[in-house]
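Each remark here refers to the structure printed beneath this line.
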Amino acid sequence: MSQSQRPPWDAYFLEIARVVASRSTCLRRQVGAVAVRDRQILATGYNGAPSGLRHCSEVGCIRESMQVPSGERHELCRGLHAEQNVIIQAALHGVALSRATVYCTHQPCVVCSKMMINAGVTRVVYSGGYPDRLSCEMLTEAGVQLVQAP
């Protein structure tokens, strides 16, 4: 889909994802995500520690101290990804994400992509890149439209 064909509200929801990302407590990368269906916001999420646990800003970044490159060893992190928190927030409030578009400040990783595929997300719009080619391959194979915004 060319830029001229892209729905005009994509830019608005990406801007909302950027605002949501400002709540992130990650020291390395602030990421926000917004799930939308029929131009209605269903849930939002940002990356950070699980509810009630200390944030990396309080205890330090495990990944930074171990020099783990971006896109690798996702299990070595106190935080959840923004896309994971979108899915969790929707589930907590009884909101289905089937046929939803998820707007992300960054391309989703493969773990988040698999979760969004199973949640029924049909479109992902992102602005920033992320070093995870398998993520793109799996979303495409599942028929999820993947759009990088300018």
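In the structure tokens, chains take the letters A, B, ... in the order shown, each chain's residues start at 1, and ligands count up from 1 in the order shown.
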
Within 12 Å of A:Ala96, counting only C-alpha atoms, which residues qualify if same-chain residues fewer than 3 places away don't, as a short mmCIF file (atom, residue, chain, number, x, y, z; two decimals) with C-alpha atoms, in the first residue's frame?
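Here's the written file selection-v2.cif:
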data_model
loop_
_atom_site.label_atom_id
_atom_site.label_comp_id
_atom_site.auth_asym_id
_atom_site.auth_seq_id
_atom_site.Cartn_x
_atom_site.Cartn_y
_atom_site.Cartn_z
CA ALA A 35 -4.82 -1.78 19.29
CA VAL A 36 -7.58 -0.33 17.11
CA ARG A 37 -10.65 -1.71 15.35
CA ILE A 41 -8.99 2.28 20.50
CA LEU A 42 -9.32 -1.12 22.16
CA ALA A 43 -6.20 -1.17 24.36
CA VAL A 86 -1.69 -4.47 24.60
CA ILE A 87 -2.80 -8.10 24.45
CA ILE A 88 -2.82 -8.45 28.25
CA GLN A 89 -4.78 -5.21 28.76
CA ALA A 90 -7.35 -6.27 26.18
CA ALA A 91 -7.70 -9.67 27.88
CA LEU A 92 -8.02 -8.11 31.36
CA HIS A 93 -10.91 -5.98 30.11
CA ARG A 99 -9.63 -8.07 13.14
CA ALA A 100 -7.70 -5.33 14.98
CA THR A 101 -4.81 -3.22 13.76
CA MET A 116 -0.62 -11.04 17.83
CA ASN A 118 -2.91 -15.94 17.74
CA ALA A 119 -4.91 -12.99 19.09
CA GLY A 120 -6.40 -12.45 15.63
CA VAL A 121 -4.69 -9.16 14.77
#

Problem - Members of stretch 4-136 of chain A assigned strand (DSSP E) by DSSP, as a ChimeraX atom specification - result: /A:32-37,40-46,101-106,123-128

Practice task
One decimal, Å: what's the distance from atom CA of A:Arg78 over to atom CA of A:Arg23, could you say?
Solution key: 15.9 Å

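Comparing A:Leu76, A:Cys109, A:Val20, A:Leu27 by their smallest distance to A:Ser57, the closest is A:Leu27 (using only C-alpha atoms).
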
Handout entry: All residues 12 Å or closer to A:Arg63, only C-alpha atoms, same chain fewer than 6 positions away omitted, as a PyMOL selection string
Key = chain A and resi 26-29+56+69-79
